[in-house]
Structure formats: C-alpha cells, structure tokens
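Engineer: Structure: work28.csv, CSV, C-alpha atoms and all ligand atoms.
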```
chain,number,residue,atom,x,y,z
X,473,MET,CA,-17.4,19.7,29.8
X,474,ALA,CA,-17.1,23.2,28.6
X,475,ILE,CA,-15.1,25.8,30.5
X,476,ASP,CA,-17.7,28.4,31.2
X,477,LEU,CA,-16.4,31.9,31.5
X,478,ARG,CA,-19.8,33.7,30.8
X,479,SER,CA,-20.2,34.7,34.5
X,480,ASP,CA,-19.5,33.6,38.1
X,481,THR,CA,-23.3,33.1,38.3
X,482,VAL,CA,-22.8,29.7,36.5
X,483,THR,CA,-21.1,28.2,39.6
X,484,ARG,CA,-23.0,25.2,40.9
X,485,PRO,CA,-23.4,24.3,44.6
X,486,THR,CA,-20.5,22.3,46.1
X,487,ASP,CA,-21.0,18.8,47.6
X,488,GLU,CA,-20.8,20.4,51.0
X,489,MET,CA,-23.6,22.8,50.1
X,490,ARG,CA,-25.8,20.0,48.8
X,491,ARG,CA,-25.3,18.1,52.0
X,492,ALA,CA,-26.2,21.2,54.1
X,493,MET,CA,-29.3,21.7,52.0
X,494,ALA,CA,-30.5,18.2,52.8
X,495,ALA,CA,-29.8,18.6,56.5
X,496,ALA,CA,-31.1,22.2,56.9
X,497,GLN,CA,-33.6,22.9,59.7
X,498,VAL,CA,-36.5,24.8,58.2
X,499,GLY,CA,-39.7,26.6,59.2
X,500,ASP,CA,-42.1,29.1,57.7
X,501,ASP,CA,-40.0,32.2,57.0
X,502,VAL,CA,-43.0,34.5,56.6
X,503,TYR,CA,-43.6,33.7,60.3
X,504,GLY,CA,-39.9,34.3,61.0
X,505,GLU,CA,-39.6,30.6,61.9
X,506,ASP,CA,-36.9,29.3,59.5
X,507,MET,CA,-33.9,29.0,61.8
X,508,THR,CA,-31.5,28.5,58.9
X,509,ILE,CA,-32.6,31.7,57.2
X,510,ASN,CA,-32.5,33.5,60.6
X,511,GLU,CA,-28.9,32.4,61.1
X,512,LEU,CA,-27.9,33.5,57.6
X,513,GLU,CA,-29.5,36.9,58.0
X,514,GLU,CA,-27.8,37.4,61.4
X,515,LYS,CA,-24.4,36.1,60.1
X,516,GLY,CA,-24.6,38.3,57.0
X,517,ALA,CA,-25.5,41.4,59.0
X,518,ALA,CA,-22.8,40.8,61.6
X,519,LEU,CA,-20.2,40.2,58.9
X,520,MET,CA,-21.0,43.7,57.5
X,521,GLY,CA,-21.4,45.4,60.9
X,522,LYS,CA,-25.1,46.1,60.3
X,523,GLU,CA,-28.0,45.6,62.6
X,524,ALA,CA,-30.1,43.3,60.4
X,525,GLY,CA,-30.3,41.4,57.2
X,526,LEU,CA,-32.9,40.1,54.8
X,527,PHE,CA,-32.5,37.0,52.6
X,528,VAL,CA,-33.8,37.9,49.1
X,529,THR,CA,-34.1,35.9,45.9
X,530,SER,CA,-31.5,38.0,43.9
X,531,GLY,CA,-29.3,41.0,43.8
X,532,THR,CA,-31.9,42.7,41.7
X,533,MET,CA,-34.5,42.2,44.4
X,534,GLY,CA,-32.2,43.5,47.1
X,535,ASN,CA,-31.4,46.7,45.2
X,536,LEU,CA,-35.0,47.3,44.3
X,537,LEU,CA,-36.0,46.8,47.9
X,538,SER,CA,-33.5,49.4,49.1
X,539,VAL,CA,-35.1,52.0,46.7
X,540,LEU,CA,-38.7,51.0,47.6
X,541,THR,CA,-37.9,51.2,51.3
X,542,VAL,CA,-36.2,54.6,51.2
X,543,CYS,CA,-37.8,56.5,48.4
X,544,GLN,CA,-41.3,57.9,47.6
X,545,ARG,CA,-42.7,57.9,44.1
X,546,GLY,CA,-41.3,60.8,42.1
X,547,ASP,CA,-38.0,60.9,44.0
X,548,GLU,CA,-34.7,60.9,42.2
X,549,ILE,CA,-31.7,58.8,43.0
X,550,ILE,CA,-28.1,59.3,41.7
X,551,MET,CA,-25.7,56.7,40.5
X,552,GLU,CA,-22.8,56.2,38.0
X,553,GLU,CA,-24.0,55.7,34.5
X,554,GLN,CA,-22.6,52.2,34.0
X,555,MET,CA,-24.1,50.7,37.1
X,556,HIS,CA,-25.9,47.4,37.0
X,557,MET,CA,-28.9,49.0,38.7
X,558,PHE,CA,-29.3,51.3,35.8
X,559,TRP,CA,-28.5,48.9,32.9
X,560,TYR,CA,-29.7,45.4,33.9
X,561,GLU,CA,-32.5,45.5,36.4
X,562,VAL,CA,-35.3,45.8,33.9
X,563,ALA,CA,-36.0,49.4,35.0
X,564,GLY,CA,-37.8,48.0,38.1
X,565,ILE,CA,-36.7,51.2,39.9
X,566,ALA,CA,-38.9,53.2,37.4
X,567,ALA,CA,-41.7,50.7,36.9
X,568,LEU,CA,-42.2,49.5,40.4
X,569,ALA,CA,-40.7,52.1,42.7
X,570,GLY,CA,-41.7,55.1,40.5
X,571,VAL,CA,-38.3,56.6,41.1
X,572,GLN,CA,-36.1,58.5,38.5
X,573,ILE,CA,-32.5,57.5,38.1
X,574,ARG,CA,-30.1,60.4,37.4
X,575,THR,CA,-26.8,59.0,36.1
X,576,LEU,CA,-23.3,60.6,36.3
X,577,PRO,CA,-20.2,59.7,34.3
X,578,GLY,CA,-17.5,58.0,36.2
X,579,ILE,CA,-14.0,56.7,35.9
X,580,ARG,CA,-14.0,52.9,36.3
X,581,GLY,CA,-17.4,53.2,37.9
X,582,VAL,CA,-16.5,55.9,40.3
X,583,VAL,CA,-18.1,59.4,40.1
X,584,SER,CA,-16.4,62.5,41.5
X,585,VAL,CA,-17.5,64.1,44.7
X,586,VAL,CA,-17.8,67.4,42.9
X,587,ALA,CA,-20.1,65.9,40.3
X,588,LEU,CA,-22.2,64.2,43.0
X,589,GLN,CA,-22.5,67.4,45.0
X,590,ALA,CA,-23.5,69.4,41.8
X,591,ALA,CA,-26.2,66.8,41.0
X,592,ILE,CA,-28.0,66.9,44.3
X,593,ARG,CA,-31.1,69.0,43.8
X,594,SER,CA,-31.8,72.1,45.8
X,595,GLU,CA,-35.4,72.9,46.9
X,596,ASP,CA,-37.3,74.1,43.8
X,597,ILE,CA,-41.0,73.5,42.9
X,598,HIS,CA,-39.8,72.1,39.6
X,599,TYR,CA,-37.4,69.5,41.0
X,600,PRO,CA,-37.8,66.0,42.3
X,601,GLN,CA,-36.4,65.3,45.7
X,602,THR,CA,-32.9,63.7,45.6
X,603,ARG,CA,-33.2,60.8,48.0
X,604,MET,CA,-30.4,58.4,47.5
X,605,PHE,CA,-26.9,57.8,46.2
X,606,CYS,CA,-25.8,54.4,45.0
X,607,MET,CA,-22.4,52.8,44.4
X,608,GLU,CA,-21.3,49.5,43.0
X,609,ASN,CA,-18.3,47.6,44.3
X,610,THR,CA,-16.8,45.7,42.5
X,611,HIS,CA,-18.1,47.4,39.3
X,612,ASN,CA,-19.3,44.9,36.8
X,613,ARG,CA,-19.3,46.9,33.6
X,614,ALA,CA,-16.0,48.6,34.4
X,615,GLY,CA,-14.5,45.2,34.4
X,616,GLY,CA,-14.7,44.1,38.1
X,617,THR,CA,-12.8,47.1,39.3
X,618,VAL,CA,-12.7,48.0,42.9
X,619,MET,CA,-13.7,51.2,44.7
X,620,THR,CA,-11.3,51.9,47.6
X,621,ARG,CA,-12.6,52.5,51.1
X,622,GLU,CA,-11.5,56.1,50.8
X,623,GLN,CA,-13.5,56.6,47.5
X,624,MET,CA,-16.6,55.1,49.1
X,625,GLN,CA,-16.2,57.1,52.3
X,626,ASP,CA,-15.7,60.5,50.5
X,627,LEU,CA,-18.7,59.9,48.3
X,628,SER,CA,-20.8,58.7,51.2
X,629,SER,CA,-19.9,61.7,53.4
X,630,ALA,CA,-20.9,64.1,50.6
X,631,ALA,CA,-24.2,62.3,50.1
X,632,LYS,CA,-24.9,62.1,53.8
X,633,GLN,CA,-24.1,65.7,54.3
X,634,ALA,CA,-27.0,66.5,51.9
X,635,GLY,CA,-29.3,64.1,53.8
X,636,LEU,CA,-29.2,61.3,51.2
X,637,TRP,CA,-29.4,57.6,51.9
X,638,VAL,CA,-26.4,55.7,50.7
X,639,HIS,CA,-26.9,52.2,49.1
X,640,THR,CA,-24.2,50.0,47.7
X,641,ASP,CA,-24.7,47.2,45.2
X,642,GLY,CA,-22.1,45.0,46.6
X,643,ALA,CA,-23.0,41.9,44.5
X,644,ARG,CA,-19.2,41.2,44.5
X,645,ILE,CA,-18.2,43.1,47.7
X,646,PHE,CA,-16.1,40.1,48.9
X,647,ASN,CA,-14.1,40.3,45.7
X,648,ALA,CA,-13.5,44.0,46.5
X,649,ALA,CA,-12.5,43.2,50.1
X,650,VAL,CA,-10.1,40.5,49.0
X,651,PHE,CA,-8.5,42.8,46.5
X,652,LEU,CA,-8.1,45.6,49.1
X,653,GLY,CA,-7.0,43.2,51.9
X,654,ALA,CA,-9.9,44.8,53.9
X,655,GLU,CA,-12.6,43.4,56.1
X,656,PRO,CA,-16.0,43.5,54.4
X,657,ARG,CA,-17.4,45.5,57.3
X,658,GLU,CA,-14.8,48.3,56.6
X,659,LEU,CA,-16.4,48.8,53.2
X,660,ALA,CA,-19.9,48.3,54.5
X,661,ALA,CA,-19.3,51.1,57.1
X,662,CYS,CA,-19.3,53.5,54.1
X,663,THR,CA,-22.9,52.8,53.2
X,664,ASP,CA,-26.3,52.8,55.0
X,665,SER,CA,-27.6,49.7,53.1
X,666,LEU,CA,-25.8,47.0,51.1
X,667,THR,CA,-26.8,44.1,48.8
X,668,PHE,CA,-24.4,41.3,48.4
X,669,CYS,CA,-24.8,38.1,46.4
X,670,LEU,CA,-24.3,34.5,47.6
X,671,SER,CA,-25.0,33.0,44.2
X,672,LYS,CA,-22.1,34.4,42.2
X,673,GLY,CA,-18.4,33.7,43.0
X,674,LEU,CA,-19.5,32.2,46.4
X,675,ALA,CA,-21.3,29.4,44.5
X,676,ALA,CA,-24.6,29.2,46.4
X,677,PRO,CA,-27.5,28.3,44.1
X,678,VAL,CA,-29.8,31.1,45.1
X,679,GLY,CA,-29.9,34.4,46.9
X,680,SER,CA,-28.5,37.6,48.1
X,681,LEU,CA,-28.6,39.5,51.4
X,682,LEU,CA,-29.8,43.1,52.0
X,683,VAL,CA,-28.3,44.5,55.2
X,684,GLY,CA,-28.8,47.8,57.0
X,685,PRO,CA,-30.4,49.3,60.1
X,686,ARG,CA,-33.1,47.3,61.9
X,687,ASP,CA,-36.0,49.5,61.0
X,688,PHE,CA,-34.9,49.7,57.4
X,689,ILE,CA,-34.8,45.9,57.2
X,690,LEU,CA,-38.2,45.6,58.8
X,691,ARG,CA,-39.8,47.9,56.2
X,692,ALA,CA,-37.8,46.1,53.4
X,693,ARG,CA,-39.2,42.7,54.6
X,694,LYS,CA,-42.7,44.0,54.0
X,695,TYR,CA,-41.9,45.2,50.5
X,696,ARG,CA,-40.3,41.8,49.8
X,697,LYS,CA,-43.7,40.3,50.7
X,698,MET,CA,-45.4,42.8,48.4
X,699,LEU,CA,-43.1,41.7,45.5
X,700,GLY,CA,-44.0,38.0,46.2
X,701,GLY,CA,-40.6,37.3,47.7
X,702,GLY,CA,-41.9,36.0,51.0
X,703,MET,CA,-40.5,32.5,51.1
X,704,ARG,CA,-41.5,29.6,53.3
X,705,GLN,CA,-39.2,26.7,54.1
X,706,ALA,CA,-36.4,28.3,52.2
X,707,GLY,CA,-33.8,27.3,54.7
X,708,VAL,CA,-32.8,24.7,52.2
X,709,LEU,CA,-31.6,27.7,50.1
X,710,ALA,CA,-30.1,29.6,53.0
X,711,ALA,CA,-27.9,26.6,54.1
X,712,PRO,CA,-25.5,26.9,51.2
X,713,GLY,CA,-25.4,30.6,51.8
X,714,LEU,CA,-23.9,29.9,55.2
X,715,ILE,CA,-21.2,27.9,53.6
X,716,ALA,CA,-20.7,30.7,51.1
X,717,LEU,CA,-20.1,33.1,53.9
X,718,ASP,CA,-18.0,30.8,56.1
X,719,SER,CA,-15.6,29.4,53.5
X,720,MET,CA,-16.2,30.2,49.9
X,721,ARG,CA,-15.5,33.9,50.2
X,722,LEU,CA,-12.0,33.1,51.5
X,723,ARG,CA,-10.9,31.5,48.2
X,724,LEU,CA,-11.8,34.4,45.9
X,725,ALA,CA,-8.1,35.4,45.6
X,726,GLU,CA,-7.6,32.2,43.5
X,727,ASP,CA,-10.1,33.5,41.0
X,728,HIS,CA,-8.3,36.8,40.9
X,729,ARG,CA,-5.0,35.1,40.3
X,730,ASN,CA,-6.5,33.1,37.4
X,731,ALA,CA,-8.1,36.3,35.9
X,732,ARG,CA,-4.7,38.0,36.0
X,733,LYS,CA,-3.0,35.0,34.3
X,734,LEU,CA,-5.7,34.9,31.7
X,735,ALA,CA,-5.4,38.7,31.0
X,736,GLU,CA,-1.6,38.6,30.8
X,737,GLY,CA,-1.8,35.7,28.4
X,738,LEU,CA,-4.5,37.4,26.3
X,739,ALA,CA,-2.3,40.6,26.1
X,740,ARG,CA,0.6,38.4,24.9
X,741,LEU,CA,-1.6,36.9,22.2
X,742,GLY,CA,-2.4,40.4,20.9
X,743,ALA,CA,-5.8,41.0,22.4
X,744,GLU,CA,-6.4,44.5,23.8
X,745,VAL,CA,-6.6,44.4,27.5
X,746,ASP,CA,-6.4,47.3,29.9
X,747,MET,CA,-4.4,45.5,32.6
X,748,ASP,CA,-5.2,48.3,35.1
X,749,THR,CA,-8.8,47.2,35.2
X,750,VAL,CA,-8.0,43.5,35.8
X,751,GLN,CA,-8.3,43.7,39.6
X,752,THR,CA,-10.7,40.9,40.5
X,753,ASN,CA,-12.4,38.1,38.5
X,754,ILE,CA,-13.6,39.9,35.4
X,755,ILE,CA,-11.6,40.5,32.3
X,756,ARG,CA,-12.8,42.7,29.4
X,757,PHE,CA,-10.8,42.8,26.2
X,758,GLN,CA,-11.0,43.6,22.5
X,759,VAL,CA,-10.3,41.2,19.7
X,760,PRO,CA,-9.4,42.0,16.1
X,761,MET,CA,-12.6,40.3,14.7
X,762,ALA,CA,-16.3,40.3,15.3
X,763,ALA,CA,-17.1,39.2,18.8
X,764,GLY,CA,-19.7,36.7,17.5
X,765,ASP,CA,-17.0,35.0,15.4
X,766,PHE,CA,-14.6,34.9,18.2
X,767,LEU,CA,-17.2,33.4,20.5
X,768,ARG,CA,-18.3,30.8,18.0
X,769,ARG,CA,-14.7,29.7,17.4
X,770,LEU,CA,-14.1,29.6,21.2
X,771,ALA,CA,-17.3,27.5,21.8
X,772,ALA,CA,-16.1,25.0,19.1
X,773,ARG,CA,-13.0,24.6,21.4
X,774,GLY,CA,-15.1,24.0,24.5
X,775,VAL,CA,-15.0,27.5,26.0
X,776,LEU,CA,-18.0,29.7,26.7
X,777,ALA,CA,-17.9,33.5,27.1
X,778,ASN,CA,-20.0,36.6,26.5
X,779,ALA,CA,-19.7,39.5,24.2
X,780,THR,CA,-19.9,43.0,25.6
X,781,GLY,CA,-19.7,44.9,22.3
X,782,PRO,CA,-19.1,44.4,18.6
X,783,ASP,CA,-15.5,43.4,19.2
X,784,SER,CA,-15.4,43.1,23.0
X,785,ILE,CA,-15.4,40.0,25.1
X,786,ARG,CA,-15.8,39.3,28.8
X,787,PHE,CA,-14.3,36.4,30.7
X,788,VAL,CA,-15.2,35.8,34.3
X,789,THR,CA,-13.2,33.4,36.5
X,790,HIS,CA,-14.8,31.5,39.4
X,791,TYR,CA,-14.8,28.4,41.5
X,792,GLU,CA,-15.2,26.0,38.6
X,793,VAL,CA,-12.3,27.4,36.6
X,794,SER,CA,-9.0,25.8,37.5
X,795,GLN,CA,-5.4,26.9,36.6
X,796,GLU,CA,-5.4,24.1,34.0
X,797,ASP,CA,-8.6,25.5,32.5
X,798,VAL,CA,-6.8,28.9,32.2
X,799,ASP,CA,-4.0,27.2,30.2
X,800,GLN,CA,-6.6,25.5,28.0
X,801,VAL,CA,-8.5,28.8,27.4
X,802,LEU,CA,-5.2,30.5,26.4
X,803,ALA,CA,-4.3,27.7,24.0
X,804,ALA,CA,-7.8,28.1,22.4
X,805,CYS,CA,-7.4,31.9,22.1
X,806,GLY,CA,-3.9,31.4,20.7
X,807,GLU,CA,-5.3,29.3,17.8
X,808,ILE,CA,-8.1,31.8,17.1
X,809,LEU,CA,-5.9,34.9,17.3
X,810,ALA,CA,-3.0,33.4,15.4
D,1,LIG,C1,-23.1,44.3,40.0
D,1,LIG,C2,-24.3,43.4,40.0
D,1,LIG,N1,-25.4,43.8,40.7
D,1,LIG,C3,-26.5,43.1,40.8
D,1,LIG,C4,-26.6,42.0,40.1
D,1,LIG,C5,-27.9,41.2,40.1
D,1,LIG,O1,-27.9,40.0,40.7
D,1,LIG,P1,-29.0,38.9,40.4
D,1,LIG,O2,-28.6,38.3,39.1
D,1,LIG,O3,-28.9,38.0,41.5
D,1,LIG,O4,-30.3,39.6,40.3
D,1,LIG,C6,-25.5,41.5,39.3
D,1,LIG,C7,-25.7,40.2,38.5
D,1,LIG,O5,-24.8,39.9,37.7
D,1,LIG,C8,-24.4,42.3,39.2
D,1,LIG,O6,-23.3,41.9,38.5
```
In structure tokens, what does this structure look like?

Structural biologist:
Amino acid sequence: MAIDLRSDTVTRPTDEMRRAMAAAQVGDDVYGEDMTINELEEKGAALMGKEAGLFVTSGTMGNLLSVLTVCQRGDEIIMEEQMHMFWYEVAGIAALAGVQIRTLPGIRGVVSVVALQAAIRSEDIHYPQTRMFCMENTHNRAGGTVMTREQMQDLSSAAKQAGLWVHTDGARIFNAAVFLGAEPRELAACTDSLTFCLSKGLAAPVGSLLVGPRDFILRARKYRKMLGGGMRQAGVLAAPGLIALDSMRLRLAEDHRNARKLAEGLARLGAEVDMDTVQTNIIRFQVPMAAGDFLRRLAARGVLANATGPDSIRFVTHYEVSQEDVDQVLAACGEILA
C-alpha cells in the first residue's frame, strides 16, 4: 500500500473507533437526544475550558458558523492573508454570511498587533463594521507552524479592546498544544470561539467541534440547521471523536518526530527546507525540478504527496506513517534527487 503523505485527513478510523461506532448509543440529535454526541460536545468544551460545544460536519462548517453567528451581512473580519478560512473555504464567508474578509500579511501566519490595531475600522459612514478577528493554530500554509500562547493572547487582547470577537481555526490545535507542552485550554483561553478537527491527525472519520460561550453555541446550532447540518443518529460518528479526544491526541508527538526526521533527511538530500518551520506534522520544501515530475516519480515508488507551488511539495505525517515509512520515503526521495 502507498505511503500517503498528502494530508493527515487521509487517516482512517482505528479498530477501536470502528468498534465504538458499532456500539454507540444514539438518538435524534436535532431533538438533542443523541447521548454520544452530547457526551462529545461536553467533553470537547470541557477540554477547551468553554461552556458549550457543537459537533459539526467539518472544520469549514465550524469556521463558517462562527462568522454567521457573530456577524451581520456587510460586516468585515480580519485575518492573516494565508489563512485556510481565506484560501480554502470556497468563499462561504462572502457567499453565505455576506461578510468581507480583510487580510493582513503575517510572519509564519502571525500578524503584528500594530497591523491589527491599524486595520480595525473607526466609525465612518463609508466603512463596514469590523466585527471579528481570526487566528489559525497550527497554521497550515505556513507549514504547520505554531502560534505561542503569548502571541495569541497579545492579538486577542488588542482585538477585544476594540470590541471584536476572536475566533480561532484550531483545526490542528492539539498539534500546537503538544509542540508548546501546553494544555489545549491554555490556548483556547485566548479566543472566544474555537473550531478543532477530529478527522485530521486524530483519525476520526468525520467531524469537528465548535466551542465557545453557551449562548453563542445555541445560536450556532440554529445556523447549523440552516446549512443542512442538523444530524440525526450521528452518535455513530461522534463515538470515534471521543476516542480521538481521549487517546489519539496524546500520540501526536510521534508524528512531529517523524516530520522532523523527514525534514532533516530531505535537507541532507539537497531539498530546500526551512527547518525553523518544521514544528509539527507538516513539511514544506522545494525541489530542483517541476513539482509534478517529482510527485509522479514519487508515486511510482509508492509515495503520495501534494504540490504547493511549481517546485514546492508538502509532506504531512500522521497516524498511518511509521518510522519505517519515513526511511522508505527518504530512500525514494534520494533516488529522485540523486
Ligand atoms: C487549518 C485548517 N482549517 C480548516 C480546515 C477545514 O477542515 P475540513 O476539511 O474539515 O472542512 C482545514 C483542512 O485541512 C485546515 O487545514
């Protein structure tokens, strides 16, 4: 079988997860009667130190719900220009929430407090209302880099001083917490609402959680229904999420070690890797040939990956990539780059 480094989203549910799915107690979640979903929402919220949680189909839905819940049509929200919410969420924020995104340049995904403060609109008949500030941790396009708690807190304080809501796309927040040696709730304390994914490095088949204050989650639940995301006996999907939160998040350091080993090996083989950005489970690097050629030759050797530019490649490590796989990938890269 191929070694799949395209994303941590390719992870398949573990045997324990499949057993839990079969045994899950379920009910109609639109009536609030699915006990497994209720347990997952409570557990996710408690883990993040928030009042309430909402099980959603995807990270994209969680992020969009935060905007729909907080903003009015014609509002503006501010975020760093490489964020997933700006690049990869099909402009749902514009199309469905009617909200304008204002982007700011950042360094490894982090904008400066000064730039944020300067971008917040004053009252003027010509201006939209700035309503929200968003962060991403870890930062996908920056290469899985981590925002420290201090960076999050400083930006959050500046945003909140101006009356903004702070939302964090924490699709990989557990990777950030593991890197920092912090509790997830310490990072979540820097944000009003937070989305985190169960279906990436944590290997659950479906789903994310949106967490925040109780009244915010109540309103988000209604918007989820509006989007067609009101699920019924979906406890079968929430059951693996519980295992993701209980045990899978605790093994992410292994993925980080494998990513580091891969990156060091790639650098030795002559690929261009900025080692400072290799903090979690994502490695971005340049190769001295067209990315498409590199990927084809890699696939012929049983390794799948994605291109991120004309000569740039991304590898993502995860639960299904072992240390032996890392050696095999490096051997394949060695042949191609020789
Ligand atoms: C940083 C980040 N946010 C949000 C998402 C969206 O998650 P989903 O694919 O579940 O919609 C992703 C997916 O890769 C992501 O990397």

Engineer: For ligand LIG 1 (chain D), collect every residue having any atom at a distance of at most 6 Å from a ligand atom (counting all atoms listed in the file); output as number ranges by chain.

Structural biologist: X: 530-532, 556, 611-612, 641, 643

Engineer: Measuring atom to atom with all atoms listed in the file, identify which of X:Ser794, X:Gly653, X:Gly702, X:Met555 is nearest to Leu526 in chain X.

Structural biologist: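 Residue with the minimum atom-to-atom distance to Leu526 in chain X: X:Gly702.
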
Engineer: Do you have the CA of Ile808 in chain X-CA of Lys672 in chain X distance handy?

Structural biologist: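 Rounded to one decimal, the two atoms are 28.9 Å apart.
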
Engineer: CA of Asp501 in chain X to CA of Arg704 in chain X: how many Å, to one decimal?

Structural biologist: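 A separation of 4.8 Å between them.
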
Engineer: Kindly indicate which residue among X:Thr620, X:Thr640, X:Gln758, X:Asn753 lies nearest to Thr789 in chain X, using only C-alpha atoms for the distances.

Structural biologist: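 Looking at the shortest contact to Thr789 in chain X, the residue is X:Asn753.
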
Engineer: With all atoms listed in the file as the basis for distance, which of X:Gln633, X:Arg691, X:Thr749, X:Leu670 is at the shortest distance from Ser719 in chain X?

Structural biologist: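 The closest residue to Ser719 in chain X is X:Leu670.
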
Engineer: At what distance in Å, to one decimal, does CA of Asn535 in chain X lie from CA of Ala692 in chain X?

Structural biologist: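 Interatomic distance, CA of Ala692 in chain X to CA of Asn535 in chain X: 10.4 Å.
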
Engineer: Need the shell around Val801 in chain X: protein/DNA/RNA residues with any atom at most 8 Å away, counting all atoms listed in the file. Skip same-chain ones fewer than 3 positions apart. Format as a PyMOL selection string?

Structural biologist: chain X and resi 475+734+775+797-798+804-805

Engineer: Determine the nearest neighbour of Phe688 in chain X from the options X:Leu477, X:Ala567, X:Val539, X:Ala634, counting all atoms listed in the file.

Structural biologist: X:Val539

Engineer: Give me, as a ChimeraX atom specification, all polymer residues having an atom no more than 9 Å from Val482 in chain X, counting all atoms listed in the file and skipping those fewer than 2 positions away in the same chain.

Structural biologist: /X:476-480,484,671-673,675,790,792

Engineer: Could you check the closest approach to Met720 in chain X for each of X:Leu776, X:Ala648, X:Met489, X:Ile509 and tell me which residue wins, using all atoms listed in the file?

Structural biologist: X:Met489

Engineer: Which one is closest to Met473 in chain X: X:Val788, X:Ala706, X:Ala771, X:Ile645? Count only C-alpha atoms.

Structural biologist: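 Answer, going by the shortest atom-to-atom distance: X:Ala771.
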
Engineer: Dump as a PyMOL selection string all residues having an atom at most 7 Å from (-29.1, 30.1, 55.8), computed in the file's coordinates with only C-alpha atoms.

Structural biologist: chain X and resi 508-512+707+709-714

Engineer: Write out as a list of chain:residue names which residues come within 9 Å of range 657-659 of chain X when counting all atoms listed in the file, dropping same-chain ones fewer than 2 positions away.

Structural biologist: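 Residues meeting the cut-off are X:Ala518, X:Leu519, X:Met520, X:Gly521, X:Lys522, X:Thr620, X:Arg621, X:Met624, X:Gln625, X:Ile645, X:Ala648, X:Ala649, X:Ala654, X:Glu655, X:Ala661, X:Cys662, X:Thr663.
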
Engineer: Within 6 Å of Asp783 in chain X, counting only C-alpha atoms, which residues show up once you throw out same-chain ones fewer than 6 positions away? Write them as a list in words, please.

Structural biologist: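 The filter keeps Gln758, Val759, Ala762 and Ala763 of chain X.
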
Engineer: Taking the point (-36.0, 57.3, 50.4) as given in the file, collect each protein or nucleic acid residue that comes within 7 Å of it, counting all atoms listed in the file, and present the set as a ChimeraX atom specification.

Structural biologist: /X:539,541-544,603-604,637

Engineer: Saving range 591-606 of chain X with N, CA, C and O atoms, as a short mmCIF file (atom, residue, chain, number, x, y, z; two decimals), in the first residue's frame, what would that file be?

Structural biologist:
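Just written: part_19.cif:
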```
data_model
loop_
_atom_site.label_atom_id
_atom_site.label_comp_id
_atom_site.auth_asym_id
_atom_site.auth_seq_id
_atom_site.Cartn_x
_atom_site.Cartn_y
_atom_site.Cartn_z
N ALA X 591 -5.78 48.11 11.36
CA ALA X 591 -6.80 47.66 10.40
C ALA X 591 -8.22 47.74 10.95
O ALA X 591 -9.19 47.63 10.20
N ILE X 592 -8.34 47.89 12.25
CA ILE X 592 -9.68 47.94 12.84
C ILE X 592 -10.32 49.28 12.49
O ILE X 592 -9.75 50.35 12.71
N ARG X 593 -11.49 49.22 11.90
CA ARG X 593 -12.13 50.44 11.38
C ARG X 593 -12.66 51.34 12.50
O ARG X 593 -13.22 50.85 13.48
N SER X 594 -12.51 52.63 12.27
CA SER X 594 -13.18 53.59 13.15
C SER X 594 -14.60 53.78 12.62
O SER X 594 -14.97 53.23 11.58
N GLU X 595 -15.40 54.56 13.32
CA GLU X 595 -16.75 54.82 12.84
C GLU X 595 -16.68 55.84 11.70
O GLU X 595 -16.09 56.91 11.83
N ASP X 596 -17.23 55.46 10.57
CA ASP X 596 -17.23 56.34 9.39
C ASP X 596 -18.36 55.83 8.51
O ASP X 596 -18.51 54.62 8.33
N ILE X 597 -19.14 56.74 7.95
CA ILE X 597 -20.28 56.30 7.14
C ILE X 597 -19.86 55.43 5.97
O ILE X 597 -20.63 54.61 5.46
N HIS X 598 -18.60 55.55 5.54
CA HIS X 598 -18.13 54.77 4.38
C HIS X 598 -17.68 53.36 4.75
O HIS X 598 -17.47 52.53 3.87
N TYR X 599 -17.46 53.09 6.01
CA TYR X 599 -16.77 51.86 6.40
C TYR X 599 -17.73 50.75 6.84
O TYR X 599 -18.76 51.02 7.44
N PRO X 600 -17.31 49.51 6.59
CA PRO X 600 -18.03 48.40 7.23
C PRO X 600 -17.66 48.36 8.72
O PRO X 600 -16.67 48.96 9.13
N GLN X 601 -18.44 47.63 9.47
CA GLN X 601 -18.14 47.42 10.90
C GLN X 601 -17.14 46.27 11.02
O GLN X 601 -17.40 45.17 10.52
N THR X 602 -16.00 46.54 11.65
CA THR X 602 -15.09 45.42 11.94
C THR X 602 -15.69 44.64 13.10
O THR X 602 -15.95 45.20 14.16
N ARG X 603 -15.90 43.32 12.89
CA ARG X 603 -16.63 42.56 13.90
C ARG X 603 -15.80 41.46 14.56
O ARG X 603 -16.06 41.06 15.68
N MET X 604 -14.81 40.98 13.82
CA MET X 604 -14.17 39.75 14.30
C MET X 604 -12.70 39.72 13.89
O MET X 604 -12.33 40.28 12.85
N PHE X 605 -11.89 39.06 14.70
CA PHE X 605 -10.50 38.78 14.33
C PHE X 605 -10.30 37.27 14.43
O PHE X 605 -10.73 36.65 15.39
N CYS X 606 -9.64 36.69 13.40
CA CYS X 606 -9.45 35.24 13.38
C CYS X 606 -7.96 34.87 13.36
O CYS X 606 -7.16 35.56 12.71
#
```
